[in-house]
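Student: See upload28.txt below, with compact mmCIF, C-alpha atoms.
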# COMPACT_ATOMS: atom_id res chain seq x y z
CA MET V 1430 0.00 0.00 0.00
CA THR V 1431 1.25 3.42 -0.79
CA ALA V 1432 0.10 6.77 0.46
CA GLU V 1433 -2.17 8.76 -1.78
CA THR V 1434 -1.00 12.23 -2.63
CA GLN V 1435 -1.98 14.48 0.22
CA GLN V 1436 -5.70 15.15 0.15
CA PRO V 1437 -7.51 17.64 2.32
CA VAL V 1438 -8.69 16.37 5.67
CA ALA V 1439 -10.58 18.81 7.82
CA SER V 1440 -9.52 18.64 11.42
CA SER V 1441 -12.28 20.54 13.13
CA TRP V 1442 -16.03 20.40 13.42
CA THR V 1443 -18.25 22.66 11.44
CA THR V 1444 -21.97 23.08 10.85
CA GLY V 1445 -24.04 21.68 8.01
CA THR V 1446 -27.47 23.16 7.37
CA VAL V 1447 -30.01 20.99 5.59
CA ARG V 1448 -31.14 22.72 2.38
CA GLU V 1449 -32.87 19.77 0.75
CA VAL V 1450 -34.16 16.48 2.13
CA GLU V 1451 -35.67 13.70 0.08
CA ARG V 1452 -36.95 10.45 1.52
CA ILE V 1453 -36.57 7.65 -0.99
CA GLY V 1454 -38.91 4.84 -0.01
CA ASP V 1455 -38.43 3.36 3.44
CA ASN V 1456 -34.77 2.77 2.90
CA PHE V 1457 -32.94 5.94 2.03
CA VAL V 1458 -32.83 9.62 2.82
CA ARG V 1459 -30.93 12.05 0.62
CA LEU V 1460 -29.65 15.15 2.40
CA ARG V 1461 -28.17 18.19 0.70
CA LEU V 1462 -26.30 20.40 3.12
CA GLU V 1463 -24.72 23.78 3.10
CA VAL V 1464 -21.45 23.37 4.93
CA ALA V 1465 -19.88 26.31 6.75
CA ASP V 1466 -16.16 26.88 6.13
CA ARG V 1467 -16.24 24.00 3.70
CA THR V 1468 -13.10 22.27 2.46
CA ASP V 1469 -13.59 20.82 -1.03
CA HIS V 1470 -13.54 17.04 -1.06
CA VAL V 1471 -12.01 14.52 -3.40
CA PRO V 1472 -14.53 12.00 -4.79
CA GLY V 1473 -14.69 9.00 -2.44
CA GLN V 1474 -14.19 10.93 0.79
CA HIS V 1475 -16.73 11.02 3.62
CA TYR V 1476 -18.07 13.23 6.36
CA VAL V 1477 -18.69 12.41 9.99
CA LEU V 1478 -22.13 13.61 11.07
CA ARG V 1479 -22.75 14.13 14.78
CA LEU V 1480 -26.05 14.50 16.63
CA ARG V 1481 -26.24 16.01 20.10
CA ALA V 1482 -28.94 15.32 22.72
CA PRO V 1483 -30.00 17.87 25.35
CA ASP V 1484 -28.00 16.03 28.06
CA GLY V 1485 -24.80 16.31 26.00
CA TYR V 1486 -24.92 12.73 24.71
CA THR V 1487 -23.68 12.52 21.13
CA ALA V 1488 -23.85 9.96 18.36
CA GLN V 1489 -21.76 10.17 15.22
CA ARG V 1490 -21.52 8.14 12.02
CA SER V 1491 -19.55 8.39 8.79
CA TYR V 1492 -21.35 8.93 5.49
CA SER V 1493 -19.86 8.95 2.00
CA ILE V 1494 -20.29 12.06 -0.10
CA ALA V 1495 -22.36 11.67 -3.28
CA SER V 1496 -21.86 15.15 -4.69
CA ASP V 1497 -19.31 16.50 -7.12
CA PRO V 1498 -16.72 18.69 -5.38
CA ASP V 1499 -17.98 21.50 -7.62
CA ASP V 1500 -21.52 21.26 -6.23
CA PRO V 1501 -22.34 24.22 -3.95
CA LEU V 1502 -24.04 21.76 -1.56
CA VAL V 1503 -22.72 18.54 -0.04
CA GLU V 1504 -24.96 15.57 -0.75
CA LEU V 1505 -25.14 12.56 1.55
CA LEU V 1506 -27.28 9.51 0.99
CA VAL V 1507 -28.08 7.64 4.18
CA GLU V 1508 -29.42 4.11 4.31
CA CYS V 1509 -31.94 3.64 7.09
CA LEU V 1510 -30.81 0.70 9.19
CA PRO V 1511 -33.06 -1.17 11.60
CA ARG V 1512 -32.68 0.48 15.01
CA GLY V 1513 -29.98 2.69 13.50
CA GLU V 1514 -29.59 5.48 16.01
CA VAL V 1515 -28.39 8.13 13.59
CA SER V 1516 -29.87 6.87 10.32
CA SER V 1517 -33.40 6.54 11.75
CA PHE V 1518 -33.20 10.04 13.12
CA LEU V 1519 -32.14 11.37 9.74
CA HIS V 1520 -34.86 9.37 8.02
CA GLU V 1521 -37.69 10.22 10.40
CA VAL V 1522 -36.90 13.60 11.91
CA ALA V 1523 -34.52 15.65 9.77
CA GLU V 1524 -36.04 18.66 8.01
CA VAL V 1525 -34.87 21.54 5.88
CA GLY V 1526 -33.22 24.11 8.13
CA ASP V 1527 -31.89 21.60 10.67
CA GLU V 1528 -28.26 21.96 11.61
CA PHE V 1529 -25.86 19.09 12.22
CA GLU V 1530 -22.28 18.99 13.38
CA LEU V 1531 -20.09 17.86 10.51
CA ARG V 1532 -16.47 16.95 10.21
CA GLY V 1533 -14.80 16.35 6.91
CA PRO V 1534 -13.91 15.63 4.26
CA ILE V 1535 -12.11 12.59 5.66
CA GLY V 1536 -10.14 9.77 4.06
CA ARG V 1537 -7.28 9.72 1.61
CA TRP V 1538 -7.36 6.08 0.58
CA PHE V 1539 -10.73 5.38 -1.00
CA VAL V 1540 -10.48 8.38 -3.32
CA TRP V 1541 -10.32 8.85 -7.07
CA GLY V 1542 -8.56 11.91 -8.44
CA GLY V 1543 -9.54 11.49 -12.09
CA THR V 1544 -6.26 10.13 -13.44
CA THR V 1545 -6.09 6.39 -12.70
CA PRO V 1546 -8.04 4.01 -14.97
CA SER V 1547 -10.37 2.40 -12.46
CA LEU V 1548 -13.26 0.02 -11.98
CA CYS V 1549 -15.78 0.70 -9.22
CA VAL V 1550 -17.94 -2.12 -7.91
CA ALA V 1551 -20.78 -1.25 -5.54
CA GLY V 1552 -23.27 -3.28 -3.57
CA GLY V 1553 -26.50 -1.40 -2.75
CA SER V 1554 -25.84 1.87 -0.97
CA GLY V 1555 -22.14 1.29 -1.64
CA VAL V 1556 -22.74 3.29 -4.83
CA VAL V 1557 -22.60 6.59 -2.95
CA PRO V 1558 -18.86 7.34 -3.21
CA PHE V 1559 -18.98 6.24 -6.85
CA VAL V 1560 -21.78 8.70 -7.59
CA SER V 1561 -19.39 11.46 -6.52
CA MET V 1562 -16.69 9.96 -8.76
CA MET V 1563 -19.13 9.69 -11.72
CA ARG V 1564 -20.30 13.26 -11.35
CA TYR V 1565 -16.71 14.44 -11.18
CA ALA V 1566 -15.77 12.32 -14.23
CA ARG V 1567 -18.66 13.75 -16.21
CA ARG V 1568 -17.75 17.33 -15.42
CA THR V 1569 -14.07 16.86 -16.18
CA GLY V 1570 -14.55 14.62 -19.23
CA THR V 1571 -12.72 11.71 -17.63
CA GLU V 1572 -15.52 9.13 -17.96
CA PRO V 1573 -13.32 6.81 -20.05
CA LEU V 1574 -11.13 6.32 -16.96
CA LEU V 1575 -13.97 5.32 -14.66
CA ARG V 1576 -16.12 2.22 -15.11
CA VAL V 1577 -18.88 1.48 -12.65
CA VAL V 1578 -20.68 -1.73 -11.71
CA ALA V 1579 -23.58 -1.66 -9.28
CA SER V 1580 -25.39 -4.59 -7.74
CA ALA V 1581 -28.67 -4.68 -5.85
CA GLN V 1582 -31.50 -7.08 -5.19
CA HIS V 1583 -34.06 -4.98 -7.05
CA ARG V 1584 -33.74 -1.90 -9.20
CA ASP V 1585 -35.90 0.14 -6.85
CA LYS V 1586 -33.52 -0.74 -3.99
CA LEU V 1587 -30.59 0.71 -5.86
CA PRO V 1588 -30.00 4.38 -5.04
CA TYR V 1589 -29.20 6.61 -8.02
CA ALA V 1590 -30.27 3.85 -10.44
CA ASP V 1591 -31.27 6.31 -13.20
CA GLU V 1592 -28.04 8.24 -12.87
CA LEU V 1593 -26.00 5.03 -12.91
CA GLU V 1594 -27.80 3.90 -16.05
CA SER V 1595 -27.31 7.18 -17.87
CA TYR V 1596 -23.61 7.10 -16.96
CA GLY V 1597 -23.39 3.69 -18.58
CA ALA V 1598 -22.80 1.71 -15.40
CA PHE V 1599 -23.29 -2.02 -15.56
CA ILE V 1600 -26.16 -2.94 -13.25
CA ALA V 1601 -26.54 -6.46 -11.88
CA LEU V 1602 -29.81 -7.26 -10.13
CA THR V 1603 -29.80 -10.36 -7.99
CA ARG V 1604 -33.57 -10.90 -7.59
CA GLU V 1605 -34.99 -9.41 -10.76
CA ASN V 1606 -34.47 -10.34 -14.42
CA GLN V 1607 -33.35 -7.48 -16.63
CA PRO V 1608 -34.07 -6.94 -20.33
CA LEU V 1609 -30.91 -6.83 -22.43
CA PRO V 1610 -30.42 -4.73 -25.58
CA ASP V 1611 -30.50 -7.83 -27.78
CA GLY V 1612 -33.99 -8.67 -26.59
CA SER V 1613 -32.92 -11.44 -24.23
CA GLU V 1614 -32.93 -11.26 -20.46
CA ARG V 1615 -30.21 -11.21 -17.84
CA VAL V 1616 -31.29 -13.81 -15.34
CA ALA V 1617 -31.30 -12.49 -11.78
CA ALA V 1618 -27.94 -13.32 -10.24
CA HIS V 1619 -24.88 -11.89 -8.59
CA ILE V 1620 -22.27 -10.45 -10.93
CA TYR V 1621 -20.87 -13.20 -13.15
CA PRO V 1622 -17.09 -13.36 -13.52
CA GLU V 1623 -17.50 -13.10 -17.31
CA GLU V 1624 -19.38 -9.84 -16.78
CA ILE V 1625 -16.44 -8.41 -14.86
CA VAL V 1626 -13.66 -9.56 -17.18
CA PRO V 1627 -14.19 -7.01 -20.02
CA LEU V 1628 -14.74 -4.20 -17.49
CA ALA V 1629 -11.54 -5.05 -15.63
CA ASP V 1630 -9.51 -5.02 -18.83
CA GLY V 1631 -6.87 -2.29 -18.70
CA ILE V 1632 -7.71 -0.93 -15.27
CA GLU V 1633 -4.99 -0.07 -12.78
CA ARG V 1634 -7.19 0.08 -9.71
CA ALA V 1635 -10.45 -1.33 -8.44
CA TYR V 1636 -12.65 0.18 -5.76
CA VAL V 1637 -15.14 -2.05 -3.99
CA CYS V 1638 -17.76 -0.69 -1.62
CA GLY V 1639 -20.48 -2.72 0.03
CA SER V 1640 -21.26 -5.12 2.85
CA VAL V 1641 -18.61 -7.45 4.20
CA GLY V 1642 -20.04 -10.41 2.28
CA PHE V 1643 -20.32 -8.44 -0.96
CA VAL V 1644 -16.73 -7.19 -0.74
CA SER V 1645 -15.48 -10.70 -0.15
CA PHE V 1646 -17.45 -12.01 -3.15
CA VAL V 1647 -16.26 -9.23 -5.46
CA GLY V 1648 -12.68 -9.68 -4.29
CA ARG V 1649 -12.87 -13.29 -5.47
CA ILE V 1650 -14.26 -12.52 -8.90
CA LEU V 1651 -11.84 -9.63 -9.42
CA GLY V 1652 -9.05 -12.09 -8.67
CA GLU V 1653 -10.48 -14.49 -11.25
CA ALA V 1654 -10.58 -11.60 -13.72
CA GLY V 1655 -6.86 -11.08 -13.18
CA VAL V 1656 -6.98 -8.00 -10.94
CA ARG V 1657 -4.15 -8.10 -8.41
CA SER V 1658 -5.31 -7.92 -4.79
CA ASP V 1659 -2.97 -4.99 -4.11
CA ALA V 1660 -4.79 -2.98 -6.79
CA VAL V 1661 -8.07 -3.32 -4.90
CA ARG V 1662 -9.23 -0.66 -2.45
CA VAL V 1663 -12.04 -1.57 -0.14
CA GLU V 1664 -14.67 0.25 1.84
CA GLN V 1665 -16.93 -2.02 3.85
CA PHE V 1666 -19.89 -1.29 5.93
CA GLY V 1667 -21.88 -3.31 8.34
CA PRO V 1668 -24.71 -2.65 10.73
CA THR V 1669 -23.11 0.19 12.63
CA GLY V 1670 -26.28 2.25 12.76
CA MET A 728 -22.15 23.01 20.12
CA ALA A 729 -25.88 23.30 19.77
CA VAL A 730 -28.33 20.54 20.63
CA THR A 731 -29.75 18.77 17.57
CA ARG A 732 -33.46 19.50 17.23
CA GLY A 733 -35.51 16.43 18.13
CA PHE A 734 -32.59 14.15 18.98
CA THR A 735 -32.58 12.21 22.23
CA GLY A 736 -30.45 9.21 21.27
CA ARG A 737 -30.78 5.62 22.25
CA PRO A 738 -31.50 4.79 25.88
CA ARG A 739 -28.35 5.20 27.98
CA ARG A 740 -27.28 1.97 29.57
CA GLY A 741 -25.79 1.76 33.02
CA GLY A 742 -22.03 1.53 33.22
CA ASN A 743 -21.55 4.22 30.62
CA ASP A 744 -18.28 5.12 32.29
CA ARG A 745 -16.88 2.26 30.23
CA LEU A 746 -17.81 4.02 27.01
CA PRO A 747 -15.28 6.55 25.69
CA PRO A 748 -16.70 9.80 24.29
CA GLY A 749 -18.57 9.45 20.99
CA GLN A 750 -18.68 5.64 21.18
CA TYR A 751 -21.65 3.28 21.42
CA ASP A 752 -21.94 -0.28 22.70
CA THR A 753 -22.20 -2.69 19.77
CA GLY A 754 -23.35 -5.48 22.08
CA GLU A 755 -22.87 -8.94 20.58
CA GLY A 756 -21.93 -7.52 17.19
CA TRP A 757 -18.41 -7.17 15.91
CA PRO A 758 -18.36 -5.03 12.76
CA THR A 759 -15.39 -5.47 10.45
CA LEU A 760 -13.65 -2.64 8.71
CA THR A 761 -10.71 -2.95 6.41
CA ALA A 762 -9.15 -1.01 3.58
CA GLU A 763 -8.17 -4.04 1.56
CA LEU A 764 -9.25 -7.54 0.67
CA THR A 765 -9.07 -10.12 3.45
CA PRO A 766 -6.00 -12.23 2.76
CA SER A 767 -5.74 -15.93 3.25
CA VAL A 768 -2.74 -16.41 5.53
CA ASP A 769 -1.31 -19.92 5.76
CA VAL A 770 -0.04 -20.58 9.29
CA ASP A 771 2.64 -22.90 7.90
CA GLU A 772 4.14 -19.99 6.03
CA TRP A 773 3.36 -17.18 8.47
CA THR A 774 6.16 -15.78 10.61
CA MET A 775 6.42 -13.06 13.24
CA THR A 776 9.53 -10.92 13.25
CA VAL A 777 10.68 -8.42 15.85
CA ASP A 778 13.64 -6.40 14.64
CA GLY A 779 15.04 -2.91 14.34
CA LEU A 780 16.46 -1.48 17.56
CA VAL A 781 16.59 -4.76 19.48
CA GLU A 782 19.58 -6.73 20.77
CA HIS A 783 18.58 -10.00 19.06
CA PRO A 784 16.30 -9.70 16.02
CA THR A 785 14.08 -12.76 16.12
CA THR A 786 11.61 -14.51 13.83
CA TRP A 787 9.09 -16.98 15.20
CA ASP A 788 7.06 -19.43 13.20
CA TRP A 789 3.57 -20.59 14.19
CA ARG A 790 4.87 -23.35 16.48
CA GLY A 791 7.64 -21.22 17.90
CA ILE A 792 5.36 -18.40 18.98
CA HIS A 793 2.95 -20.88 20.56
CA ALA A 794 5.85 -22.19 22.64
CA LEU A 795 6.06 -18.84 24.43
CA PRO A 796 4.01 -18.42 27.62
CA SER A 797 0.45 -17.71 26.58
CA ASP A 798 -1.41 -14.70 27.88
CA SER A 799 -4.96 -13.37 27.58
CA TYR A 800 -6.65 -9.99 27.49
CA PHE A 801 -10.09 -9.65 28.99
CA GLY A 802 -11.77 -6.30 28.47
CA ASP A 803 -13.14 -3.78 26.04
CA ILE A 804 -12.15 -2.71 22.52
CA HIS A 805 -12.95 0.55 20.73
CA CYS A 806 -13.12 1.26 16.98
CA VAL A 807 -12.74 4.75 15.54
CA THR A 808 -15.95 4.15 13.56
CA THR A 809 -17.63 4.62 16.97
CA TRP A 810 -18.45 1.12 18.14
CA SER A 811 -17.06 -0.31 21.34
CA LYS A 812 -17.29 -3.95 22.31
CA PHE A 813 -17.27 -4.92 25.96
CA ASP A 814 -15.85 -8.00 27.69
CA THR A 815 -13.86 -9.52 24.87
CA THR A 816 -11.33 -12.27 25.48
CA PHE A 817 -8.28 -12.58 23.27
CA THR A 818 -5.52 -15.13 23.76
CA GLY A 819 -2.00 -15.21 22.41
CA VAL A 820 1.26 -13.93 23.73
CA SER A 821 2.11 -10.57 25.24
CA VAL A 822 4.42 -8.29 23.25
CA ASP A 823 6.49 -8.11 26.46
CA ALA A 824 7.26 -11.81 26.06
CA LEU A 825 8.60 -11.21 22.55
CA LEU A 826 10.67 -8.24 23.67
CA GLU A 827 12.07 -10.30 26.56
CA VAL A 828 13.58 -12.59 23.93
CA THR A 829 14.84 -9.85 21.62
CA GLY A 830 15.88 -7.27 24.20
CA VAL A 831 15.30 -3.58 23.51
CA LYS A 832 18.05 -1.12 22.66
CA PRO A 833 17.98 2.02 24.82
CA ASP A 834 17.37 4.38 21.91
CA ALA A 835 14.15 2.63 20.78
CA THR A 836 11.15 4.93 21.19
CA HIS A 837 8.57 3.74 18.63
CA VAL A 838 7.39 0.65 16.85
CA PHE A 839 6.25 0.24 13.25
CA ALA A 840 3.88 -2.70 12.78
CA THR A 841 3.49 -4.39 9.39
CA SER A 842 0.90 -6.89 8.17
CA THR A 843 1.16 -9.57 5.50
CA THR A 844 -0.94 -7.30 3.27
CA GLY A 845 1.46 -4.38 3.59
CA TYR A 846 -0.83 -2.55 6.05
CA THR A 847 1.19 -0.59 8.57
CA THR A 848 0.60 1.34 11.79
CA ASN A 849 2.86 3.28 14.14
CA LEU A 850 2.89 3.22 17.92
CA PRO A 851 4.99 4.68 20.72
CA LEU A 852 6.99 1.89 22.37
CA ASP A 853 5.33 2.73 25.69
CA ASP A 854 1.97 1.73 24.19
CA ILE A 855 2.99 -1.85 23.49
CA THR A 856 5.04 -2.63 26.60
CA ASN A 857 4.20 -3.38 30.24
CA GLY A 858 1.11 -5.50 29.63
CA LYS A 859 -0.57 -3.22 27.11
CA ALA A 860 -0.25 -5.21 23.86
CA TRP A 861 -0.51 -8.77 22.60
CA ILE A 862 -0.07 -10.89 19.50
CA VAL A 863 -3.32 -12.89 19.50
CA TRP A 864 -4.75 -15.88 17.65
CA GLU A 865 -7.88 -16.67 19.67
CA PHE A 866 -11.06 -14.71 20.27
CA ASP A 867 -13.47 -16.02 22.92
CA GLY A 868 -11.65 -19.33 22.91
CA LYS A 869 -11.86 -19.90 19.16
CA PRO A 870 -9.34 -19.32 16.39
CA LEU A 871 -9.41 -15.72 15.20
CA THR A 872 -11.26 -15.60 11.88
CA PRO A 873 -9.62 -14.06 8.79
CA GLU A 874 -11.99 -11.06 8.61
CA HIS A 875 -11.02 -10.15 12.17
CA GLY A 876 -7.33 -10.46 11.40
CA GLY A 877 -6.81 -14.20 11.78
CA PRO A 878 -4.79 -16.21 12.03
CA VAL A 879 -2.80 -13.62 14.03
CA ARG A 880 -3.29 -9.95 14.80
CA LEU A 881 -1.78 -7.31 17.02
CA LEU A 882 -3.98 -6.30 19.96
CA VAL A 883 -3.53 -2.88 21.57
CA PRO A 884 -6.91 -2.51 23.26
CA HIS A 885 -6.31 0.83 25.00
CA LEU A 886 -6.03 2.54 21.59
CA TYR A 887 -8.51 2.73 18.68
CA PHE A 888 -8.61 -0.61 16.95
CA TRP A 889 -6.90 0.34 13.70
CA LYS A 890 -3.71 0.24 15.78
CA SER A 891 -4.38 -3.46 16.39
CA ALA A 892 -3.04 -4.43 12.96
CA LYS A 893 -4.73 -7.46 11.42
CA TRP A 894 -2.56 -10.23 9.88
CA ILE A 895 0.48 -8.95 11.77
CA THR A 896 3.87 -10.22 10.68
CA ARG A 897 6.47 -7.73 11.89
CA LEU A 898 7.24 -5.23 14.65
CA GLU A 899 10.19 -2.97 13.94
CA LEU A 900 11.54 -0.90 16.83
CA ARG A 901 12.76 2.53 15.84
CA ASP A 902 14.22 5.68 17.36
CA HIS A 903 11.65 7.89 15.61
CA ASP A 904 7.98 7.94 14.69
CA GLU A 905 6.82 7.34 11.13
CA GLN A 906 3.17 7.33 10.12
CA GLY A 907 1.52 4.07 9.11
CA PHE A 908 -1.29 3.51 6.65
CA TRP A 909 -4.31 5.17 8.28
CA GLU A 910 -2.13 7.75 9.97
CA ARG A 911 -0.89 8.96 6.56
CA ASN A 912 -4.49 8.89 5.39
CA GLY A 913 -5.80 11.31 7.96
CA TYR A 914 -6.08 9.39 11.21
CA HIS A 915 -4.39 10.28 14.47
CA ASP A 916 -0.83 9.24 15.28
CA ARG A 917 -1.70 7.83 18.71
CA GLY A 918 -5.46 7.18 18.78
CA ASP A 919 -6.43 7.23 22.47
CA PRO A 920 -10.23 6.69 22.55
CA TRP A 921 -10.56 8.37 25.97
CA LEU A 922 -9.02 11.54 24.52
CA GLU A 923 -11.03 11.03 21.32
CA GLN A 924 -7.91 11.17 19.15
CA ARG A 925 -9.63 10.08 15.94
CA TYR A 926 -8.13 12.22 13.21
CA GLN A 927 -4.99 14.19 12.52
CA GLY A 928 -5.42 17.52 14.29
CA ASP A 929 -7.19 16.11 17.36
CA ALA A 930 -5.44 17.05 20.58
Let me see the structure of the file written as structure tokens.
Tutor:
Amino acid sequence: MTAETQQPVASSWTTGTVREVERIGDNFVRLRLEVADRTDHVPGQHYVLRLRAPDGYTAQRSYSIASDPDDPLVELLVECLPRGEVSSFLHEVAEVGDEFELRGPIGRWFVWGGTTPSLCVAGGSGVVPFVSMMRYARRTGTEPLLRVVASAQHRDKLPYADELESYGAFIALTRENQPLPDGSERVAAHIYPEEIVPLADGIERAYVCGSVGFVSFVGRILGEAGVRSDAVRVEQFGPTG
Amino acid sequence: MAVTRGFTGRPRRGGNDRLPPGQYDTGEGWPTLTAELTPSVDVDEWTMTVDGLVEHPTTWDWRGIHALPSDSYFGDIHCVTTWSKFDTTFTGVSVDALLEVTGVKPDATHVFATSTTGYTTNLPLDDITNGKAWIVWEFDGKPLTPEHGGPVRLLVPHLYFWKSAKWITRLELRDHDEQGFWERNGYHDRGDPWLEQRYQGDA
């Protein structure tokens, strides 16, 4: 592992004011925040969001940034987890005008600076950091360097599905057949190794973001597709609320 | 900082004096976080080396390290991603036992830990000596699983858990501090959960 070139990491807390909130089904809430004294992020970085109770108790969680660094607002997409202390609050209570403590951008490892030919593989809400990368690639004309694969059980459980499709991402649904351009159907299944092989051709780095099980599965098929394990950068999430 | 409108938080449990600031009790869960793919480490090929500023650089194989007096840690662990896990039991060998074999040169002040994957982390020598750190291969009486760093990981439970390098293979004693993987990538050089030293720039 080598250090990434130095990326900004904010070292103090600031305030984010909710300017837009969109609840997407029962599963996701999309927040767009105006961040005071904001440091521009690099696609792939995250913010820590902290909530504070009247007795001083705090709860904080990390959320990947979905927005392009050029976006005047910072966009976070939060998956609502069962009994998730912070995510349920954001899903059920947060409104436009609310203020949260924010710290970020954080992370210098799971970042894409627009120069390395890369393949991104996301499971479910793992697409969020890749949405930031896609938006950045589109604005800077570097789409040829960034291929995206997204997997979900159903299309309506996949955040940013329309945007992924219009970017040209390969979408693999595991519980829903998909029509293919040639009139046939892709049978519902996890990503097949032969689906990954052409996408992995010529890449120098792979980013994998998803649950522990998903990352382990993708690591295997990337290996079968000839991607060296030291070219793979991982961001995993589990039920941490 | 201001109170968040409408936020009360989960019910506070008793014994919250065990929870460092900003942490929550994950209960039976044990989330895994890693920056890289979980490697498959073969114990027949794995070795543990302690070198650098020591009198006798030494490499142990799987059998050799098991021949050292075993030691256990019983207590809590804390991850920078804000979960803490209470009452864990890890078994292996204390780092003190390794350093007793190698000896420590007087100018050693820090240690640089390296994993089979190339992951690294830096620690002051004081944080891994005098009963504060272990090389462990069992969790709750069972072999440590690969996703939690098995077959062998470093355990430094009084610091955030990224210091407890998974798939450990080498400790190099040095006379200076050099940042490891997460430390270069924005995390704190020491990582004391009670001082909430999460990121570079924290006190």
Student: As an exercise, work out the distance from atom CA of His793 of chain A to atom CA of Val820 of chain A in Å and give it to one decimal place.
Tutor: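 Rounded to one decimal, the two atoms are 7.8 Å apart.
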Student: Given all atoms listed in the file as the basis, pick out the residue of V:Arg1537, V:Arg1649, V:Arg1584, V:Arg1615 nearest to chain A.
Tutor: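 Using all atoms listed in the file, chain A sits closest to V:Arg1537.
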Student: Would you list which chain A residues are within 10 Å of chain V using only C-alpha atoms, as a PyMOL selection string?
Tutor: chain A and resi 728-737+739+748-751+753+756-766+808-810+844-847+874+907-914+925-929
Student: So which residues fall inside 12 Å of (12.0, -10.6, 23.7) if we count only C-alpha atoms? Mind giving them as a compact mmCIF listing (two decimals) with C-alpha atoms, in the frame of the given file?
Tutor:
# COMPACT_ATOMS: atom_id res chain seq x y z
CA THR A 776 9.53 -10.92 13.25
CA VAL A 777 10.68 -8.42 15.85
CA ASP A 778 13.64 -6.40 14.64
CA LEU A 780 16.46 -1.48 17.56
CA VAL A 781 16.59 -4.76 19.48
CA GLU A 782 19.58 -6.73 20.77
CA HIS A 783 18.58 -10.00 19.06
CA PRO A 784 16.30 -9.70 16.02
CA THR A 785 14.08 -12.76 16.12
CA THR A 786 11.61 -14.51 13.83
CA TRP A 787 9.09 -16.98 15.20
CA ILE A 792 5.36 -18.40 18.98
CA LEU A 795 6.06 -18.84 24.43
CA PRO A 796 4.01 -18.42 27.62
CA VAL A 820 1.26 -13.93 23.73
CA SER A 821 2.11 -10.57 25.24
CA VAL A 822 4.42 -8.29 23.25
CA ASP A 823 6.49 -8.11 26.46
CA ALA A 824 7.26 -11.81 26.06
CA LEU A 825 8.60 -11.21 22.55
CA LEU A 826 10.67 -8.24 23.67
CA GLU A 827 12.07 -10.30 26.56
CA VAL A 828 13.58 -12.59 23.93
CA THR A 829 14.84 -9.85 21.62
CA GLY A 830 15.88 -7.27 24.20
CA VAL A 831 15.30 -3.58 23.51
CA LYS A 832 18.05 -1.12 22.66
CA THR A 856 5.04 -2.63 26.60
CA LEU A 898 7.24 -5.23 14.65
CA LEU A 900 11.54 -0.90 16.83
Student: Report, in Å to a single decimal, how far apart atom CA of Arg880 of chain A and atom CA of Gly779 of chain A are.
Tutor: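 The value is 19.6 Å.
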Student: Nearest to Gly1639 of chain V among V:Val1447, V:Leu1502, V:Val1471, V:Val1557, with distances taken over all atoms listed in the file: which residue is it?
Tutor: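 Answer, going by the shortest atom-to-atom distance: V:Val1557.
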